[in-house]
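Peer 1: Provided below: query06.cif, containing mmCIF, C-alpha atoms.
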data_input
loop_
_atom_site.label_atom_id
_atom_site.label_comp_id
_atom_site.auth_asym_id
_atom_site.auth_seq_id
_atom_site.Cartn_x
_atom_site.Cartn_y
_atom_site.Cartn_z
CA MET A 272 130.65 -43.33 77.31
CA LYS A 273 130.77 -43.17 81.06
CA LEU A 274 129.00 -40.28 82.83
CA ASN A 275 130.75 -38.71 85.78
CA LYS A 276 129.19 -36.84 88.69
CA SER A 277 129.38 -33.47 86.89
CA ASN A 278 127.57 -34.82 83.81
CA TRP A 279 124.80 -36.35 85.96
CA LEU A 280 124.36 -33.03 87.75
CA SER A 281 124.10 -31.19 84.41
CA LEU A 282 121.52 -33.68 83.11
CA ALA A 283 119.50 -33.37 86.33
CA MET A 284 119.50 -29.56 86.05
CA ILE A 285 118.38 -29.70 82.41
CA ALA A 286 115.59 -32.17 83.27
CA THR A 287 114.45 -29.93 86.12
CA LEU A 288 114.34 -26.86 83.86
CA VAL A 289 112.33 -28.76 81.24
CA ALA A 290 109.89 -29.97 83.92
CA ILE A 291 109.44 -26.40 85.22
CA ALA A 292 108.79 -25.12 81.69
CA VAL A 293 106.21 -27.84 80.99
CA LEU A 294 104.42 -27.26 84.32
CA GLY A 295 104.46 -23.49 83.79
CA GLN A 296 102.92 -23.87 80.33
CA ARG A 297 100.28 -26.28 81.62
CA TYR A 298 99.20 -24.28 84.67
CA SER A 299 99.64 -20.69 83.44
CA PRO A 300 95.90 -20.28 82.63
CA LEU A 301 95.20 -20.44 86.38
CA LEU A 302 97.25 -17.29 86.95
CA LEU A 303 96.76 -15.59 83.60
CA PRO A 304 93.43 -16.72 82.22
CA LYS A 305 93.08 -16.58 78.47
CA THR A 306 90.19 -14.49 77.25
CA ASP A 307 88.32 -14.54 73.97
CA ALA A 308 87.10 -10.94 74.13
CA SER A 309 87.46 -7.75 76.15
CA GLY A 310 84.83 -5.33 77.33
CA VAL A 311 85.32 -1.61 77.86
CA ALA A 312 84.61 0.16 81.14
CA GLU A 313 82.90 3.54 80.89
CA ALA A 314 85.54 6.27 80.64
CA GLY A 315 85.83 8.53 83.66
CA CYS A 316 83.81 6.34 86.02
CA ASP A 317 85.41 6.14 89.48
CA LEU A 318 84.85 2.95 91.51
CA GLN A 319 85.81 4.94 94.61
CA ARG A 320 82.60 6.98 94.19
CA GLN A 321 80.06 4.75 92.41
CA ALA A 322 79.27 1.54 90.56
CA CYS A 323 80.77 1.60 87.06
CA PRO A 324 79.18 0.22 83.88
CA ALA A 325 80.91 -1.43 80.93
CA THR A 326 79.92 -2.52 77.44
CA LEU A 327 80.72 -6.05 76.29
CA PRO A 328 81.66 -6.90 72.68
CA ASP A 329 78.17 -8.22 71.86
CA GLY A 330 76.53 -5.04 73.17
CA SER A 331 75.43 -6.51 76.50
CA ARG A 332 76.27 -4.62 79.69
CA LEU A 333 77.74 -5.18 83.10
CA GLN A 334 78.17 -3.03 86.16
CA LEU A 335 80.85 -3.45 88.85
CA SER A 336 80.34 -2.16 92.38
CA ILE A 337 82.82 -2.35 95.26
CA THR A 338 81.71 -1.20 98.71
CA PRO A 339 82.24 0.30 101.23
CA ARG A 340 83.49 3.48 99.66
CA PRO A 341 86.14 4.73 99.69
CA ILE A 342 87.85 1.42 98.93
CA ALA A 343 90.65 0.77 101.44
CA PHE A 344 93.44 -1.73 102.05
CA LEU A 345 92.90 -4.67 104.45
CA GLN A 346 89.18 -4.04 104.73
CA PRO A 347 86.43 -6.56 103.88
CA LEU A 348 84.94 -5.47 100.55
CA ARG A 349 81.65 -6.46 98.96
CA VAL A 350 82.09 -6.99 95.24
CA GLU A 351 78.99 -7.10 93.05
CA VAL A 352 78.67 -7.58 89.30
CA ALA A 353 75.30 -7.02 87.59
CA LEU A 354 74.96 -8.52 84.10
CA GLY A 355 72.41 -7.45 81.50
CA GLY A 356 71.81 -9.37 78.29
CA ILE A 357 74.34 -12.14 78.93
CA GLU A 358 74.15 -15.52 80.71
CA ALA A 359 77.27 -16.44 82.71
CA ARG A 360 78.42 -19.83 83.96
CA LYS A 361 81.04 -18.22 86.18
CA VAL A 362 82.01 -14.69 87.20
CA GLU A 363 85.33 -13.88 88.86
CA VAL A 364 87.07 -10.65 89.83
CA ASP A 365 90.86 -10.50 89.78
CA PHE A 366 92.64 -7.72 91.68
CA ALA A 367 96.18 -6.86 90.56
CA GLY A 368 98.52 -4.00 91.27
CA GLU A 369 99.09 -2.01 88.08
CA SER A 370 102.79 -1.42 88.73
CA MET A 371 103.59 -3.99 91.42
CA ASN A 372 102.90 -7.71 91.70
CA MET A 373 100.73 -8.16 94.78
CA GLY A 374 100.26 -11.92 94.39
CA TYR A 375 97.25 -13.99 93.38
CA ASN A 376 94.04 -12.24 94.42
CA ARG A 377 91.08 -13.59 92.44
CA GLY A 378 87.71 -14.59 93.82
CA GLN A 379 84.73 -16.30 92.28
CA LEU A 380 81.42 -14.51 92.77
CA THR A 381 78.23 -16.36 93.65
CA ALA A 382 75.02 -16.02 91.64
CA ALA A 383 72.47 -14.06 93.68
CA GLY A 384 69.66 -14.08 91.09
CA SER A 385 68.49 -11.67 88.37
CA GLY A 386 71.96 -11.44 86.77
CA ILE A 387 73.65 -10.39 90.03
CA TYR A 388 76.89 -12.04 91.19
CA ALA A 389 78.39 -11.14 94.55
CA GLY A 390 81.21 -12.01 96.91
CA GLU A 391 83.79 -10.66 99.31
CA ALA A 392 87.40 -9.63 98.78
CA SER A 393 90.10 -7.52 100.38
CA LEU A 394 93.14 -5.70 99.06
CA PRO A 395 96.54 -6.39 100.61
CA VAL A 396 98.34 -3.41 102.06
CA CYS A 397 100.89 -1.67 99.85
CA VAL A 398 104.10 -0.63 101.62
CA SER A 399 104.57 2.32 99.26
CA GLY A 400 101.29 3.91 100.40
CA GLY A 401 98.92 4.51 97.49
CA MET A 402 98.53 2.21 94.53
CA THR A 403 96.66 1.94 91.27
CA TRP A 404 94.75 -1.34 91.11
CA VAL A 405 93.17 -3.17 88.19
CA ALA A 406 90.00 -5.11 89.01
CA THR A 407 89.37 -7.40 86.04
CA VAL A 408 85.90 -8.93 85.83
CA VAL A 409 86.16 -12.31 84.07
CA ILE A 410 82.88 -13.66 82.71
CA GLU A 411 82.74 -17.23 81.47
CA THR A 412 79.80 -18.18 79.26
CA ASP A 413 79.10 -21.42 77.39
CA ARG A 414 80.94 -20.04 74.35
CA GLN A 415 83.61 -17.61 75.53
CA ARG A 416 85.55 -15.91 78.31
CA ILE A 417 85.29 -12.10 78.47
CA ALA A 418 87.51 -9.79 80.54
CA VAL A 419 86.70 -6.22 81.55
CA PRO A 420 89.45 -4.27 83.37
CA TYR A 421 88.64 -1.38 85.74
CA ARG A 422 91.37 0.87 87.16
CA PHE A 423 91.12 2.62 90.53
CA VAL A 424 93.44 4.21 93.07
CA VAL A 425 93.60 3.31 96.78
CA GLY A 426 95.45 5.20 99.48
CA ARG A 427 96.34 8.48 97.76
#
Is it possible to give me this structure as structure tokens?
Peer 2:
Amino acid sequence: MKLNKSNWLSLAMIATLVAIAVLGQRYSPLLLPKTDASGVAEAGCDLQRQACPATLPDGSRLQLSITPRPIAFLQPLRVEVALGGIEARKVEVDFAGESMNMGYNRGQLTAAGSGIYAGEASLPVCVSGGMTWVATVVIETDRQRIAVPYRFVVGR
């Protein structure tokens, strides 16, 4: 059977789609990290006003603080996570718009001693004005990856 130009084009398109699917499957953990467990942020705590604690599945605790307050768009922010009762290999904070994709915005925090991890971040501006954000603290230990989501509103 002889393949014409149309058949070659169809085969090339199918091969490209398969390659995209394989690459997407392989690299999706970079954008959507898999977690083994989830922690729960304290109900009613407002990151715009104070640091907020959370309880992890094993009973250990963490506290997330973002300053300066109030949290604003396009402003350098200091992000600090304090861990109690858990040893982390890596701590990251991922910022995502709750109802709008604002792109990849995850930073790794640096160990500052005594269970404190800190770093800097900023939130991109939202053209619609205010926005609900989800700051997900991702803690990686020797045995598992734990995620703790915090919701807060900026610009309303």
Peer 1: To test your reading of the syntax: which residues would the PyMOL selection byres ((chain A and resi 369) around 7) return for the file shown? Reply as number ranges by chain.
Peer 2: A: 367-368, 370-371, 403-405
Peer 1: Name the residues in contact with Glu363 in chain A at a cut-off of 6 Å, using all atoms listed in the file, excluding same-chain residues fewer than 2 positions from it; report them as a ChimeraX atom specification.
Peer 2: /A:378-380,408-409
Peer 1: Got time to write the residues from that selection, C-alpha atoms, as a JSON list (two decimals), keeping the file's coordinate frame?
Peer 2:
[["chain", "number", "residue", "atom", "x", "y", "z"],
["A", 378, "GLY", "CA", 87.71, -14.59, 93.82],
["A", 379, "GLN", "CA", 84.73, -16.30, 92.28],
["A", 380, "LEU", "CA", 81.42, -14.51, 92.77],
["A", 408, "VAL", "CA", 85.90, -8.93, 85.83],
["A", 409, "VAL", "CA", 86.16, -12.31, 84.07]]
Peer 1: For the provided coordinates, the residues matched by the PyMOL selection byres ((chain A and resi 339-355) around 6) should be stated as a list in words.
Peer 2: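 Selection result, ordered by chain and number: Gln319, Ser331, Arg332, Leu333, Gln334, Leu335, Ser336, Ile337, Thr338, Gly356, Ile357, Gly386, Ile387, Tyr388, Ala389, Gly390, Glu391, Ala392, Ser393, Leu394, Pro395 and Val396 of chain A.
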Peer 1: In Å, how far is it from CA of Arg360 in chain A to CA of Arg416 in chain A?
Peer 2: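 That distance, rounded to one decimal, is 9.9 Å.
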Peer 1: What gap, in Å, lies between CA of Asp413 in chain A and CA of Glu358 in chain A?
Peer 2: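 Separation of CA of Asp413 in chain A and CA of Glu358 in chain A: 8.4 Å.
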Peer 1: For CA of Asn376 in chain A and CA of Ile417 in chain A, determine how far apart the two atoms are, in Å to one decimal place.
Peer 2: 18.2 Å
Peer 1: Atoms are missing here; could range 385-396 of chain A be completed with all heavy atoms and written as a short mmCIF file (atom, residue, chain, number, x, y, z; two decimals), keeping the file's coordinate frame?
Peer 2:
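The new file selection26.cif reads:
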data_model
loop_
_atom_site.label_atom_id
_atom_site.label_comp_id
_atom_site.auth_asym_id
_atom_site.auth_seq_id
_atom_site.Cartn_x
_atom_site.Cartn_y
_atom_site.Cartn_z
N SER A 385 68.75 -12.82 89.25
CA SER A 385 68.49 -11.67 88.37
C SER A 385 69.76 -11.08 87.77
O SER A 385 69.88 -9.85 87.65
CB SER A 385 67.73 -10.58 89.13
OG SER A 385 66.50 -11.08 89.58
N GLY A 386 70.74 -11.92 87.40
CA GLY A 386 71.96 -11.44 86.77
C GLY A 386 72.96 -10.81 87.71
O GLY A 386 73.93 -10.19 87.27
N ILE A 387 72.75 -10.96 89.03
CA ILE A 387 73.65 -10.39 90.03
C ILE A 387 74.58 -11.48 90.55
O ILE A 387 74.14 -12.58 90.88
CB ILE A 387 72.86 -9.79 91.23
CG1 ILE A 387 71.82 -8.79 90.76
CG2 ILE A 387 73.81 -9.21 92.27
CD1 ILE A 387 72.37 -7.52 90.21
N TYR A 388 75.86 -11.16 90.63
CA TYR A 388 76.89 -12.04 91.19
C TYR A 388 77.61 -11.26 92.27
O TYR A 388 77.99 -10.11 92.05
CB TYR A 388 77.87 -12.50 90.11
CG TYR A 388 77.22 -13.40 89.08
CD1 TYR A 388 76.45 -12.85 88.06
CD2 TYR A 388 77.34 -14.77 89.16
CE1 TYR A 388 75.83 -13.67 87.13
CE2 TYR A 388 76.71 -15.59 88.24
CZ TYR A 388 75.96 -15.03 87.22
OH TYR A 388 75.35 -15.84 86.31
N ALA A 389 77.81 -11.88 93.44
CA ALA A 389 78.39 -11.14 94.55
C ALA A 389 79.35 -12.00 95.35
O ALA A 389 79.29 -13.23 95.32
CB ALA A 389 77.28 -10.62 95.47
N GLY A 390 80.26 -11.32 96.05
CA GLY A 390 81.21 -12.01 96.91
C GLY A 390 81.99 -11.00 97.73
O GLY A 390 81.73 -9.80 97.67
N GLU A 391 82.96 -11.51 98.48
CA GLU A 391 83.79 -10.66 99.31
C GLU A 391 85.24 -10.76 98.86
O GLU A 391 85.67 -11.77 98.33
CB GLU A 391 83.66 -11.03 100.78
CG GLU A 391 82.32 -10.65 101.35
CD GLU A 391 82.30 -10.68 102.87
OE1 GLU A 391 83.37 -10.86 103.49
OE2 GLU A 391 81.22 -10.50 103.42
N ALA A 392 85.97 -9.68 99.11
CA ALA A 392 87.40 -9.63 98.78
C ALA A 392 88.05 -8.64 99.74
O ALA A 392 87.37 -7.96 100.52
CB ALA A 392 87.59 -9.17 97.33
N SER A 393 89.36 -8.56 99.67
CA SER A 393 90.10 -7.52 100.38
C SER A 393 91.38 -7.27 99.60
O SER A 393 91.87 -8.15 98.89
CB SER A 393 90.40 -7.90 101.83
OG SER A 393 91.28 -8.99 101.87
N LEU A 394 91.90 -6.07 99.73
CA LEU A 394 93.14 -5.70 99.06
C LEU A 394 94.28 -5.75 100.06
O LEU A 394 94.16 -5.20 101.16
CB LEU A 394 93.04 -4.28 98.48
CG LEU A 394 91.96 -4.05 97.43
CD1 LEU A 394 91.96 -2.59 97.01
CD2 LEU A 394 92.18 -4.95 96.23
N PRO A 395 95.40 -6.39 99.70
CA PRO A 395 96.54 -6.39 100.61
C PRO A 395 97.12 -4.98 100.73
O PRO A 395 96.97 -4.16 99.83
CB PRO A 395 97.54 -7.35 99.94
CG PRO A 395 97.11 -7.44 98.53
CD PRO A 395 95.66 -7.12 98.47
N VAL A 396 97.77 -4.72 101.85
CA VAL A 396 98.34 -3.41 102.06
C VAL A 396 99.56 -3.22 101.17
O VAL A 396 100.28 -4.17 100.87
CB VAL A 396 98.71 -3.20 103.55
CG1 VAL A 396 99.90 -4.04 103.96
CG2 VAL A 396 98.96 -1.74 103.84
#
